[in-house]
Amino acid sequence: MPLKANQIALIVVSAVAIFLFWQKYQDVYKDTGRLQVKQQGSSVVLSWASTVELPMTRRFEEAYANWADKTDKFIINLNSGGGSLREGRQVIEFIKKMKKTHLVETTVGEQANCLSMCVPIYLYSESLKI
């Protein structure tokens, strides 16, 4: 029994949807955006030198989980040309959570950039009073 046009269209649309879902899944778990973590005295410095994109929030969450019981203060050092509004909002929300239990200082180093979505992360994170 031959396939009808609407059945063929359904198969094509389903294949496209599966491909787009797979591509988005790959974006979430791709290994871009490096977070450097180092201890500086009694503080832990989290240095982000990449665009604001996936997996920035996840990297911060992982570093926080690894170091939260070893320090009272995190220093977030930003060097970014900006990026995703959605990821930037999630980073800000995570920094708010960090500030509930730790001192958090956000900095932009000498000769570093902080453009586009990096600016709200820096400004908003610095202005939080929890």
# chains A, B, ... in the order shown; residues from 1 in each chain; ligands from 1

$ residues_around --residues "A:Pro120" --least-positions-apart "5" --cutoff "9 Å" --atoms "only C-alpha atoms" --output "list in words"
Gly88, Arg89, Ile92 and Ser125 of chain A

$ write_last_selection --atoms "N, CA and C atoms" --output "PDB file, in the first residue's frame"
ATOM      1  N   GLY A  88      22.816  34.217  30.039  1.00  0.00           N
ATOM      2  CA  GLY A  88      23.203  35.290  30.945  1.00  0.00           C
ATOM      3  C   GLY A  88      22.252  35.416  32.125  1.00  0.00           C
ATOM      4  N   ARG A  89      20.952  35.319  31.842  1.00  0.00           N
ATOM      5  CA  ARG A  89      19.964  35.377  32.935  1.00  0.00           C
ATOM      6  C   ARG A  89      20.145  34.215  33.896  1.00  0.00           C
ATOM      7  N   ILE A  92      23.120  34.873  36.127  1.00  0.00           N
ATOM      8  CA  ILE A  92      22.759  35.837  37.170  1.00  0.00           C
ATOM      9  C   ILE A  92      21.954  35.154  38.276  1.00  0.00           C
ATOM     10  N   SER A 125      25.277  41.356  39.200  1.00  0.00           N
ATOM     11  CA  SER A 125      25.896  40.517  40.238  1.00  0.00           C
ATOM     12  C   SER A 125      26.562  41.382  41.306  1.00  0.00           C
TER      13      SER A 125
END

$ residues_around --residues "A:Gln39" --least-positions-apart "6" --cutoff "12 Å" --atoms "only C-alpha atoms" --output "NGL selection string"
:A and (45-47 or 63 or 66-68 or 70-76)

$ write_last_selection --atoms "N, CA and C atoms" --output "tab-separated table (two decimals), in the first residue's frame"
chain	number	residue	atom	x	y	z
A	45	VAL	N	38.83	31.64	42.72
A	45	VAL	CA	38.62	32.51	41.56
A	45	VAL	C	38.06	31.67	40.42
A	46	LEU	N	36.92	32.10	39.90
A	46	LEU	CA	36.29	31.47	38.75
A	46	LEU	C	36.47	32.42	37.57
A	47	SER	N	37.30	32.05	36.61
A	47	SER	CA	37.60	32.93	35.48
A	47	SER	C	36.92	32.40	34.22
A	63	ALA	N	31.67	24.05	39.49
A	63	ALA	CA	32.77	24.62	40.29
A	63	ALA	C	32.28	24.94	41.70
A	66	ASN	N	32.03	21.84	43.77
A	66	ASN	CA	33.35	21.32	44.15
A	66	ASN	C	34.04	22.15	45.23
A	67	TRP	N	33.75	23.46	45.29
A	67	TRP	CA	34.50	24.34	46.16
A	67	TRP	C	33.70	24.98	47.30
A	68	ALA	N	32.41	24.86	47.30
A	68	ALA	CA	31.57	25.57	48.28
A	68	ALA	C	31.93	25.27	49.73
A	70	LYS	N	34.87	24.54	50.77
A	70	LYS	CA	36.29	24.82	50.99
A	70	LYS	C	36.62	26.31	51.07
A	71	THR	N	35.61	27.16	50.85
A	71	THR	CA	35.85	28.60	50.85
A	71	THR	C	34.62	29.36	51.31
A	72	ASP	N	34.85	30.60	51.72
A	72	ASP	CA	33.74	31.50	52.07
A	72	ASP	C	33.53	32.56	51.00
A	73	LYS	N	34.47	32.65	50.03
A	73	LYS	CA	34.41	33.72	49.04
A	73	LYS	C	34.77	33.21	47.65
A	74	PHE	N	33.95	33.60	46.68
A	74	PHE	CA	34.22	33.34	45.28
A	74	PHE	C	34.47	34.67	44.58
A	75	ILE	N	35.45	34.69	43.71
A	75	ILE	CA	35.71	35.85	42.86
A	75	ILE	C	35.45	35.39	41.43
A	76	ILE	N	34.50	36.06	40.78
A	76	ILE	CA	34.18	35.73	39.40
A	76	ILE	C	34.86	36.75	38.51

$ atom_distance --atom1 "atom CA of A:Ser116" --atom2 "atom CA of A:Glu62"
24.6 Å

$ atom_distance --atom1 "atom CA of A:Ser80" --atom2 "atom CA of A:Lys38"
18.7 Å

$ closest_residue --among "A:Ile121, A:Leu78, A:Arg86, A:Val16" --to "A:Val108" --atoms "only C-alpha atoms"
A:Leu78
